[in-house]
Amino acid sequence: MAQNNTHLAEFLLRMGDNALILGHRTSEWCGHAPVLEEDIALANTALDLIGQTQLWLTYAAEVMGDGKTADDLAFLRDVWDFRNLLLVELPNGDFGHTLMRQFLFDAYQSIHLPRLVRSTDPRVAEIAEKASKEASYHVERSADTVVGLGDGTEESHNRMQAALDRLWPYVGEMFATDPVDAAMAEAGIAPDPASLRTEYDALVGRVLAEATLTVPESTFAHKGGRTGQTHTEHLGHLLTQMQWLQRAYPGATW
Amino acid sequence: MVIKGHRSTAGGSEAPAHGGGWALPGLSPGASALPSIEQVWSWLHAIPDPEIPVISLTDLGVIRDVAYEDETLIVTVTPTYSGCPATSIINLDIETALRDHGVSDLKLRSQLSPAWTTDWMTDQGRAKLKAYGIAPPTPSGRPGNCPNCNAEDVEKISQFGSTPCKSLWRCKSCLEPFDHFKCI
């Protein structure tokens, strides 16, 4: 692969892996959510994310050009090959924790994807056009739920604040620019993530204030997921479930 | 196997009333072996949506183009939602229907952009949805009125319903819950 294709493939893996890993995490709620409507909503959100995964990873596989498919990338890679944000691989915790994580991610997507619609890469632009419609619907719901629970009972408020305190150190990784991002920005394929931070803080700040929640002051950020340098121990456990069939029956198809 | 023109009323298609038992629907004996674009559209009009069978795929607006490239019939389809499980069934149903009508040189093409919007749903499709009990998509993004009793006092129960394309609402007048086709 030429150097610019290596960067593009890396960028596409990051997009696809975020959607895949969060999609899988969200699907773990299927049959377990507190009420039926929320169960259906989480399953539908997972479905959208897995659909987006298919689009991103199909393109990633094409760019990598070594004959792999989106399925190969999803099911035949190990932890160190994944390029998702640490945020999305964290365990679900309680329902409020899951929705807080969803909101923090949806808010990012709702800003990032519309920028990608203007990408100089037509494939990236058309996938983003499709996915951004879904992301704007997702953030509407996750923001509403964060407000409802944050500004709810004392119990729900405390749980949402605890979720925010736990998850906030994972937000900074979304905006940490590295050479891949720099190459994408230079080629006009994707925006420099750091340039999205102001808009993100405004959106998240507005919703969290309405939810009567306090944004932690620390700017410390856990990093290493999207570069693949250091994932949390949770991703390996997730893969043992998600990839179970291919690990137990290599090459199985239907 | 004798392939009969079982949709003899379809627009433009001649009825193989006599010895035309071998004639494929939509093709006049001795003429070009390719059915007309109009004929193909009329076959597509008859394919129901797999999850909401009261409307057809053309009502839904997911079929973006029908054209020939040389002798190959190209049907361009766009997904409603990127993860909608009905997408592969829709493709299968299109392929099955067209092959049943005798189209052998066929290719389905997926198109993401412009992204599907409920603006492409036909008026006929909206009317059929409402008659079926599903509030059709509206520009305001919320159901205009209850599909059961027409009252306007409705409330949202959940942003997601039984399929990715629907949300769940309740009528505060007749108290019936109902699906609303999400507006995107």
# chains A, B, ... in the order shown; residues from 1 in each chain; ligands from 1
>>> closest_atom_pairs(of="chain B", to="chain A", cutoff="8 Å", atoms="only C-alpha atoms", output="Markdown table")
| residue | atom | partner | partner_atom | distance |
| --- | --- | --- | --- | --- |
| B:Tyr81 | CA | A:Asp48 | CA | 6.7 |
| B:Ser82 | CA | A:Gly51 | CA | 4.5 |
| B:Gly83 | CA | A:Gly51 | CA | 3.5 |
| B:Cys84 | CA | A:Leu47 | CA | 7.0 |
| B:Leu112 | CA | A:Glu126 | CA | 5.9 |
| B:Ser113 | CA | A:Glu126 | CA | 5.3 |
| B:Pro114 | CA | A:Glu126 | CA | 7.6 |
| B:Ala115 | CA | A:Lys130 | CA | 5.4 |
| B:Trp116 | CA | A:Lys130 | CA | 7.9 |
| B:Ile157 | CA | A:Glu37 | CA | 7.7 |
| B:Ser158 | CA | A:Glu37 | CA | 6.0 |
| B:Gln159 | CA | A:Arg141 | CA | 6.8 |
| B:Phe160 | CA | A:Ala41 | CA | 5.0 |
| B:Gly161 | CA | A:Ile40 | CA | 6.8 |
| B:Ser162 | CA | A:Ile40 | CA | 7.2 |
| B:Thr163 | CA | A:Asn44 | CA | 7.5 |
| B:Pro164 | CA | A:Asn44 | CA | 5.7 |
| B:Ile184 | CA | A:Lys133 | CA | 7.0 |
>>> residues_around(residues="Ile90 (chain B)", least_positions_apart="2", cutoff="8 Å", atoms="only C-alpha atoms", output="VMD selection string")
chain B and resid 49 to 50 57 86 to 88 92 to 94
>>> select_by_dssp(residues="chain B", states="strand (DSSP E)", output="PyMOL selection string")
chain B and resi 63-69+72-77+106-110+134-135+154-158+166-171+177-181
>>> residues_around(residues="region 88-95 of chain A", least_positions_apart="4", cutoff="9 Å", atoms="only C-alpha atoms", output="ChimeraX atom specification")
/A:18-19,21-23,25-26,28-29,33-34,84,99-102,105,159,163,167,225,231-232,234-235,238
>>> write_last_selection(atoms="N, CA, C and O atoms", output="short mmCIF file (atom, residue, chain, number, x, y, z; two decimals), in the first residue's frame")
data_model
loop_
_atom_site.label_atom_id
_atom_site.label_comp_id
_atom_site.auth_asym_id
_atom_site.auth_seq_id
_atom_site.Cartn_x
_atom_site.Cartn_y
_atom_site.Cartn_z
N ASN A 18 -15.05 1.97 15.70
CA ASN A 18 -15.91 2.67 16.66
C ASN A 18 -17.35 2.17 16.56
O ASN A 18 -17.99 1.87 17.55
N ALA A 19 -17.84 2.11 15.32
CA ALA A 19 -19.22 1.70 15.11
C ALA A 19 -19.41 0.23 15.50
O ALA A 19 -20.42 -0.14 16.12
N ILE A 21 -17.58 -1.74 17.63
CA ILE A 21 -17.45 -2.08 19.05
C ILE A 21 -18.60 -1.48 19.87
O ILE A 21 -19.17 -2.14 20.74
N LEU A 22 -18.99 -0.25 19.56
CA LEU A 22 -20.13 0.31 20.28
C LEU A 22 -21.41 -0.42 19.89
O LEU A 22 -22.28 -0.67 20.73
N GLY A 23 -21.52 -0.79 18.63
CA GLY A 23 -22.69 -1.56 18.18
C GLY A 23 -22.80 -2.87 18.94
O GLY A 23 -23.87 -3.27 19.39
N ARG A 25 -21.40 -3.57 21.94
CA ARG A 25 -21.70 -3.26 23.35
C ARG A 25 -23.20 -2.97 23.53
O ARG A 25 -23.84 -3.47 24.45
N THR A 26 -23.74 -2.16 22.62
CA THR A 26 -25.16 -1.80 22.74
C THR A 26 -26.05 -3.02 22.56
O THR A 26 -27.05 -3.16 23.25
N GLU A 28 -25.49 -5.87 23.56
CA GLU A 28 -25.49 -6.71 24.77
C GLU A 28 -26.71 -6.44 25.65
O GLU A 28 -27.07 -7.24 26.50
N TRP A 29 -27.36 -5.29 25.43
CA TRP A 29 -28.56 -4.95 26.20
C TRP A 29 -29.79 -5.68 25.70
O TRP A 29 -30.83 -5.67 26.37
N ALA A 33 -32.91 -4.56 28.86
CA ALA A 33 -33.12 -3.14 29.20
C ALA A 33 -34.26 -3.01 30.22
O ALA A 33 -35.08 -3.91 30.36
N PRO A 34 -34.30 -1.87 30.94
CA PRO A 34 -35.28 -1.72 32.02
C PRO A 34 -36.73 -1.77 31.55
O PRO A 34 -37.60 -2.23 32.29
N ASN A 84 -10.56 1.39 17.61
CA ASN A 84 -11.67 2.14 18.19
C ASN A 84 -11.22 2.95 19.40
O ASN A 84 -10.21 2.64 20.04
N LEU A 99 -26.20 4.96 28.53
CA LEU A 99 -26.76 6.10 27.79
C LEU A 99 -25.84 7.31 27.83
O LEU A 99 -25.78 8.09 26.88
N MET A 100 -25.10 7.47 28.92
CA MET A 100 -24.13 8.57 29.00
C MET A 100 -23.02 8.33 27.96
O MET A 100 -22.65 9.24 27.21
N ARG A 101 -22.53 7.09 27.89
CA ARG A 101 -21.50 6.77 26.90
C ARG A 101 -22.04 7.02 25.49
O ARG A 101 -21.36 7.59 24.63
N GLN A 102 -23.28 6.57 25.27
CA GLN A 102 -23.91 6.75 23.96
C GLN A 102 -23.99 8.24 23.62
O GLN A 102 -23.69 8.65 22.49
N PHE A 105 -20.61 9.74 22.71
CA PHE A 105 -20.20 9.31 21.37
C PHE A 105 -21.09 9.92 20.29
O PHE A 105 -20.60 10.42 19.27
N ARG A 159 -26.50 8.58 39.76
CA ARG A 159 -25.93 7.57 38.85
C ARG A 159 -25.40 8.22 37.58
O ARG A 159 -24.36 7.80 37.05
N ALA A 163 -21.61 8.27 36.24
CA ALA A 163 -21.27 7.81 34.88
C ALA A 163 -20.43 8.86 34.16
O ALA A 163 -19.43 8.53 33.51
N LEU A 167 -16.67 8.40 32.78
CA LEU A 167 -16.45 8.38 31.32
C LEU A 167 -15.72 9.62 30.79
O LEU A 167 -15.11 9.55 29.72
N GLY A 225 -6.53 3.79 22.18
CA GLY A 225 -7.46 2.93 21.44
C GLY A 225 -7.40 3.17 19.95
O GLY A 225 -7.19 2.26 19.15
N HIS A 231 -5.11 -0.90 24.32
CA HIS A 231 -6.54 -1.00 24.60
C HIS A 231 -6.71 -1.37 26.07
O HIS A 231 -5.77 -1.80 26.73
N THR A 232 -7.93 -1.21 26.57
CA THR A 232 -8.22 -1.66 27.93
C THR A 232 -8.34 -3.18 27.91
O THR A 232 -8.48 -3.79 26.83
N HIS A 234 -10.81 -4.71 28.63
CA HIS A 234 -12.20 -5.08 28.31
C HIS A 234 -12.39 -5.50 26.86
O HIS A 234 -13.28 -6.29 26.55
N LEU A 235 -11.56 -4.96 25.96
CA LEU A 235 -11.77 -5.27 24.54
C LEU A 235 -11.56 -6.76 24.25
O LEU A 235 -12.32 -7.36 23.49
N LEU A 238 -14.57 -8.65 25.18
CA LEU A 238 -15.64 -8.41 24.20
C LEU A 238 -15.42 -9.27 22.95
O LEU A 238 -16.35 -9.91 22.45
#
>>> residues_around(residues="Cys149 (chain B)", least_positions_apart="5", cutoff="12 Å", atoms="only C-alpha atoms", output="ChimeraX atom specification")
/B:130-131,133,135,144,154,170-178
>>> residues_around(residues="Arg109 (chain B)", least_positions_apart="5", cutoff="12 Å", atoms="only C-alpha atoms", output="ChimeraX atom specification")
/B:62-67,72-79,91,94-95
>>> write_last_selection(atoms="N, CA, C and O atoms", output="compact mmCIF listing (two decimals), in the first residue's frame")
# COMPACT_ATOMS: atom_id res chain seq x y z
N VAL B 62 -37.28 3.29 -2.49
CA VAL B 62 -35.90 2.78 -2.40
C VAL B 62 -35.32 2.39 -3.75
O VAL B 62 -34.12 2.20 -3.88
N ILE B 63 -36.19 2.26 -4.76
CA ILE B 63 -35.66 1.93 -6.09
C ILE B 63 -35.38 3.23 -6.82
O ILE B 63 -36.30 4.00 -7.11
N ARG B 64 -34.12 3.50 -7.05
CA ARG B 64 -33.72 4.82 -7.56
C ARG B 64 -33.62 4.87 -9.06
O ARG B 64 -33.68 5.93 -9.66
N ASP B 65 -33.38 3.73 -9.70
CA ASP B 65 -33.23 3.78 -11.15
C ASP B 65 -33.37 2.39 -11.75
O ASP B 65 -33.02 1.39 -11.12
N VAL B 66 -33.91 2.37 -12.96
CA VAL B 66 -33.96 1.14 -13.75
C VAL B 66 -33.43 1.50 -15.13
O VAL B 66 -33.92 2.45 -15.74
N ALA B 67 -32.42 0.79 -15.57
CA ALA B 67 -31.84 1.15 -16.87
C ALA B 67 -31.13 -0.07 -17.45
O ALA B 67 -30.83 -1.02 -16.74
N THR B 72 -27.77 -5.76 -20.10
CA THR B 72 -27.92 -6.04 -18.68
C THR B 72 -28.87 -5.03 -18.03
O THR B 72 -28.70 -3.82 -18.19
N LEU B 73 -29.88 -5.56 -17.35
CA LEU B 73 -30.82 -4.69 -16.64
C LEU B 73 -30.20 -4.31 -15.30
O LEU B 73 -29.85 -5.18 -14.50
N ILE B 74 -30.06 -3.01 -15.06
CA ILE B 74 -29.47 -2.53 -13.81
C ILE B 74 -30.58 -1.91 -12.97
O ILE B 74 -31.23 -0.95 -13.39
N VAL B 75 -30.79 -2.46 -11.78
CA VAL B 75 -31.75 -1.87 -10.85
C VAL B 75 -30.96 -1.28 -9.69
O VAL B 75 -30.21 -1.99 -9.02
N THR B 76 -31.11 0.02 -9.49
CA THR B 76 -30.35 0.70 -8.44
C THR B 76 -31.23 0.88 -7.20
O THR B 76 -32.32 1.43 -7.29
N VAL B 77 -30.73 0.36 -6.09
CA VAL B 77 -31.50 0.35 -4.85
C VAL B 77 -30.73 1.09 -3.77
O VAL B 77 -29.50 0.97 -3.68
N THR B 78 -31.43 1.86 -2.95
CA THR B 78 -30.77 2.54 -1.84
C THR B 78 -31.34 2.01 -0.53
O THR B 78 -32.54 1.72 -0.45
N PRO B 79 -30.50 1.81 0.51
CA PRO B 79 -31.03 1.30 1.77
C PRO B 79 -31.79 2.39 2.53
O PRO B 79 -31.47 3.57 2.41
N ASN B 91 -33.44 -6.84 -1.77
CA ASN B 91 -32.66 -7.20 -2.96
C ASN B 91 -33.05 -8.58 -3.48
O ASN B 91 -33.18 -8.79 -4.69
N ILE B 94 -36.46 -8.41 -5.20
CA ILE B 94 -36.39 -7.79 -6.53
C ILE B 94 -35.84 -8.80 -7.53
O ILE B 94 -36.39 -9.01 -8.62
N GLU B 95 -34.76 -9.46 -7.12
CA GLU B 95 -34.13 -10.41 -8.03
C GLU B 95 -35.09 -11.56 -8.36
O GLU B 95 -35.25 -11.94 -9.52
>>> select_by_dssp(residues="region 136-178 of chain A", states="helix (DSSP H, G or I)", output="number ranges by chain")
A: 136-150, 154-170, 172-175
>>> atom_distance(atom1="CA of Asp66 (chain A)", atom2="CA of Pro250 (chain A)")
19.2 Å
>>> residues_around(residues="region 143-154 of chain A", least_positions_apart="6", cutoff="8 Å", atoms="only C-alpha atoms", output="PyMOL selection string")
chain A and resi 96+99-100+103+160-161+207-208+210-213
>>> write_last_selection(atoms="N, CA and C atoms", output="PDB file, in the first residue's frame")
ATOM      1  N   GLY A  96     -27.957   3.967  32.869  1.00  0.00           N
ATOM      2  CA  GLY A  96     -27.556   5.371  32.782  1.00  0.00           C
ATOM      3  C   GLY A  96     -26.144   5.520  32.237  1.00  0.00           C
ATOM      4  N   LEU A  99     -26.205   4.958  28.527  1.00  0.00           N
ATOM      5  CA  LEU A  99     -26.763   6.097  27.788  1.00  0.00           C
ATOM      6  C   LEU A  99     -25.839   7.314  27.829  1.00  0.00           C
ATOM      7  N   MET A 100     -25.100   7.467  28.923  1.00  0.00           N
ATOM      8  CA  MET A 100     -24.128   8.568  28.998  1.00  0.00           C
ATOM      9  C   MET A 100     -23.023   8.333  27.956  1.00  0.00           C
ATOM     10  N   PHE A 103     -24.392   9.038  24.593  1.00  0.00           N
ATOM     11  CA  PHE A 103     -24.512  10.475  24.333  1.00  0.00           C
ATOM     12  C   PHE A 103     -23.156  11.092  23.992  1.00  0.00           C
ATOM     13  N   MET A 160     -26.117   9.220  37.061  1.00  0.00           N
ATOM     14  CA  MET A 160     -25.650   9.887  35.838  1.00  0.00           C
ATOM     15  C   MET A 160     -24.392  10.700  36.108  1.00  0.00           C
ATOM     16  N   GLN A 161     -24.316  11.312  37.276  1.00  0.00           N
ATOM     17  CA  GLN A 161     -23.101  12.060  37.598  1.00  0.00           C
ATOM     18  C   GLN A 161     -21.917  11.093  37.729  1.00  0.00           C
ATOM     19  N   VAL A 207     -26.224  20.309  27.001  1.00  0.00           N
ATOM     20  CA  VAL A 207     -27.075  19.183  27.407  1.00  0.00           C
ATOM     21  C   VAL A 207     -26.811  18.794  28.865  1.00  0.00           C
ATOM     22  N   LEU A 208     -25.542  18.756  29.245  1.00  0.00           N
ATOM     23  CA  LEU A 208     -25.227  18.347  30.619  1.00  0.00           C
ATOM     24  C   LEU A 208     -25.717  19.391  31.624  1.00  0.00           C
ATOM     25  N   GLU A 210     -28.391  21.221  31.217  1.00  0.00           N
ATOM     26  CA  GLU A 210     -29.836  20.983  31.305  1.00  0.00           C
ATOM     27  C   GLU A 210     -30.125  19.755  32.159  1.00  0.00           C
ATOM     28  N   ALA A 211     -29.181  18.818  32.130  1.00  0.00           N
ATOM     29  CA  ALA A 211     -29.345  17.584  32.903  1.00  0.00           C
ATOM     30  C   ALA A 211     -28.907  17.776  34.361  1.00  0.00           C
ATOM     31  N   THR A 212     -28.573  19.000  34.730  1.00  0.00           N
ATOM     32  CA  THR A 212     -28.095  19.366  36.073  1.00  0.00           C
ATOM     33  C   THR A 212     -26.858  18.576  36.488  1.00  0.00           C
ATOM     34  N   LEU A 213     -26.023  18.232  35.506  1.00  0.00           N
ATOM     35  CA  LEU A 213     -24.802  17.465  35.805  1.00  0.00           C
ATOM     36  C   LEU A 213     -23.580  18.379  35.698  1.00  0.00           C
TER      37      LEU A 213
END
>>> closest_residue(among="A:Val35, A:Phe82, A:Phe11, A:Asn158", to="Asp178 (chain A)", atoms="only C-alpha atoms")
A:Phe11
